[in-house]
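Printed here is upload11.cif (mmCIF, C-alpha atoms):
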data_run
#
loop_
_atom_site.label_atom_id
_atom_site.label_comp_id
_atom_site.auth_asym_id
_atom_site.auth_seq_id
_atom_site.Cartn_x
_atom_site.Cartn_y
_atom_site.Cartn_z
CA MET A 1 103.90 91.20 92.03
CA VAL A 2 103.37 87.45 91.76
CA LEU A 3 99.66 86.67 91.68
CA SER A 4 97.69 83.46 91.77
CA CYS A 5 97.18 83.49 87.99
CA LEU A 6 100.69 82.04 87.74
CA LEU A 7 99.45 79.04 89.68
CA CYS A 8 96.72 77.85 87.32
CA THR A 9 98.41 74.50 86.80
CA PRO A 10 98.73 71.82 89.49
CA ALA A 11 101.72 71.60 91.83
CA PHE A 12 105.01 73.00 90.60
CA ALA A 13 108.37 71.35 90.69
CA ALA A 14 110.64 73.35 92.99
CA ALA A 15 112.55 74.81 90.04
CA ASP A 16 109.28 76.05 88.49
CA GLN A 17 108.08 77.98 91.53
CA PRO A 18 108.18 81.77 91.31
CA ALA A 19 111.06 83.33 93.25
CA THR A 20 109.61 84.84 96.43
CA ASP A 21 110.15 84.46 100.15
CA ILE A 22 106.42 84.46 100.94
CA ARG A 23 103.80 81.79 100.29
CA ILE A 24 100.21 82.10 101.50
CA TYR A 25 97.66 79.31 101.60
CA THR A 26 94.14 80.71 101.21
CA ALA A 27 90.51 80.08 100.26
CA ALA A 28 88.01 82.49 98.71
CA TYR A 29 85.71 82.42 101.77
CA CYS A 30 88.49 83.45 104.19
CA GLY A 31 88.25 87.08 105.33
CA GLU A 32 91.63 87.01 107.09
CA CYS A 33 93.20 85.72 103.88
CA LEU A 34 91.79 88.75 102.04
CA LYS A 35 93.22 91.07 104.70
CA ALA A 36 96.65 89.44 104.50
CA LYS A 37 96.72 89.66 100.70
CA ALA A 38 95.50 93.28 100.74
CA TYR A 39 98.23 94.19 103.23
CA MET A 40 100.93 92.70 101.02
CA GLN A 41 99.49 94.09 97.79
CA ALA A 42 99.24 97.61 99.24
CA ARG A 43 102.93 97.46 100.14
CA ARG A 44 104.02 95.79 96.89
CA ILE A 45 105.25 92.73 98.77
CA ASP A 46 105.67 89.80 96.40
CA PHE A 47 103.94 86.59 97.41
CA VAL A 48 102.63 83.39 95.88
CA GLU A 49 99.05 82.40 96.66
CA TYR A 50 97.95 78.78 96.92
CA ASP A 51 94.14 78.48 97.01
CA VAL A 52 93.52 75.22 98.86
CA GLN A 53 89.83 75.31 98.01
CA LYS A 54 90.46 75.24 94.26
CA ASN A 55 93.41 72.86 94.01
CA SER A 56 93.76 69.55 95.84
CA ASP A 57 97.53 69.48 95.24
CA PHE A 58 97.80 72.78 97.12
CA LEU A 59 95.64 71.35 99.93
CA ARG A 60 97.94 68.32 100.27
CA ASP A 61 100.98 70.63 100.31
CA PHE A 62 99.25 72.82 102.94
CA TYR A 63 98.90 69.85 105.29
CA ALA A 64 102.40 68.58 104.49
CA GLN A 65 103.81 72.02 105.42
CA GLY A 66 102.04 71.90 108.82
CA GLY A 67 98.96 73.92 107.95
CA LYS A 68 96.03 73.71 110.35
CA GLY A 69 93.98 76.75 109.35
CA ILE A 70 94.05 79.59 106.88
CA PRO A 71 95.56 81.94 106.19
CA TYR A 72 98.76 79.97 106.56
CA LEU A 73 101.93 81.74 105.50
CA ILE A 74 105.48 80.57 104.98
CA VAL A 75 107.72 83.62 105.33
CA LYS A 76 111.41 83.05 104.60
CA GLY A 77 110.96 79.39 105.51
CA ARG A 78 109.11 80.06 108.78
CA ALA A 79 105.45 79.24 109.34
CA MET A 80 102.79 81.71 110.44
CA HIS A 81 99.25 80.59 111.35
CA GLY A 82 96.73 83.39 110.83
CA PHE A 83 97.85 86.90 109.98
CA ASP A 84 99.32 89.39 112.41
CA VAL A 85 101.09 92.44 110.94
CA ALA A 86 103.75 92.65 113.67
CA GLU A 87 104.61 88.94 113.48
CA PHE A 88 104.61 89.07 109.66
CA GLU A 89 107.01 92.02 109.59
CA HIS A 90 109.30 90.35 112.14
CA LEU A 91 109.44 87.22 110.00
CA ARG A 92 110.19 89.33 106.93
CA SER A 93 113.04 91.07 108.73
CA ASN A 94 114.51 87.75 109.94
CA THR A 95 114.28 88.75 113.59
CA GLU A 96 112.81 86.64 116.38
CA PHE A 97 109.17 87.53 117.10
CA LYS A 98 108.33 88.25 120.74
CA GLN A 99 104.65 88.36 121.69
#

This structure in structure tokens:
Amino acid sequence: MVLSCLLCTPAFAAADQPATDIRIYTAAYCGECLKAKAYMQARRIDFVEYDVQKNSDFLRDFYAQGGKGIPYLIVKGRAMHGFDVAEFEHLRSNTEFKQ
């Protein structure tokens, strides 16, 4: 599993980023972020965490990617604001999510 310890240095060049289809922008104070990470960890789903509170480069990237609140996930190139298990699994399976 790819954990945030791999992200101790400021912004990566694209070639340096760990290979995963899931990125999550978080902050330590965010309860929903903890739930999203726990869900993925329990299911051994690889993800890369970007803590916007600890790294200003990650915060700039968060806004550049369209982030408005956390958790903010990019799943296979598609954005997800907040964390909803059904929507997350639909994005992972590459199917269109219907609410």

(message) For this structure, which residues satisfy the selection - the PyMOL selection byres ((chain A and resi 29) around 12) - when it is evaluated on the file as given? I want them as a PyMOL selection string.
(response) chain A and resi 26-28+30-35+51-54+70-71

Could the residues in this selection be written to a file with C-alpha atoms, as a PDB file, in the frame of the given file?
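Below you can see part.pdb, which holds the result:
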ATOM      1  CA  THR A  26      94.140  80.710 101.210  1.00  0.00           C
ATOM      2  CA  ALA A  27      90.510  80.080 100.260  1.00  0.00           C
ATOM      3  CA  ALA A  28      88.010  82.490  98.710  1.00  0.00           C
ATOM      4  CA  CYS A  30      88.490  83.450 104.190  1.00  0.00           C
ATOM      5  CA  GLY A  31      88.250  87.080 105.330  1.00  0.00           C
ATOM      6  CA  GLU A  32      91.630  87.010 107.090  1.00  0.00           C
ATOM      7  CA  CYS A  33      93.200  85.720 103.880  1.00  0.00           C
ATOM      8  CA  LEU A  34      91.790  88.750 102.040  1.00  0.00           C
ATOM      9  CA  LYS A  35      93.220  91.070 104.700  1.00  0.00           C
ATOM     10  CA  ASP A  51      94.140  78.480  97.010  1.00  0.00           C
ATOM     11  CA  VAL A  52      93.520  75.220  98.860  1.00  0.00           C
ATOM     12  CA  GLN A  53      89.830  75.310  98.010  1.00  0.00           C
ATOM     13  CA  LYS A  54      90.460  75.240  94.260  1.00  0.00           C
ATOM     14  CA  ILE A  70      94.050  79.590 106.880  1.00  0.00           C
ATOM     15  CA  PRO A  71      95.560  81.940 106.190  1.00  0.00           C
TER      16      PRO A  71
END

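Taking atom CA of Val85 of chain A and atom CA of Tyr63 of chain A as endpoints, the distance between them is 23.4 Å.
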
(message) Take the PyMOL selection byres ((chain A and resi 77) around 10), run it mentally on this structure, and tell me the resulting residues as a PyMOL selection string.
(response) chain A and resi 21-23+73-76+78-80+91

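Distance-wise, atom CA of Ser93 of chain A and atom CA of Leu59 of chain A end up 27.7 Å apart.
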
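Here atom CA of Gly82 of chain A and atom CA of Ser56 of chain A stand 20.6 Å from one another.
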
(message) As a check of understanding, name the residues that the PyMOL selection byres ((chain A and resi 47) around 7) selects in the supplied structure, as a PyMOL selection string.
(response) chain A and resi 2+20+22-23+45-46+48-49

Near Tyr50 of chain A, within 7 Å and counting all atoms listed in the file, which residues show up once chain neighbours fewer than 3 positions away are dropped, as a compact mmCIF listing (two decimals) with C-alpha atoms, keeping the file's coordinate frame?
# COMPACT_ATOMS: atom_id res chain seq x y z
CA SER A 4 97.69 83.46 91.77
CA ILE A 24 100.21 82.10 101.50
CA TYR A 25 97.66 79.31 101.60
CA THR A 26 94.14 80.71 101.21
CA PHE A 58 97.80 72.78 97.12
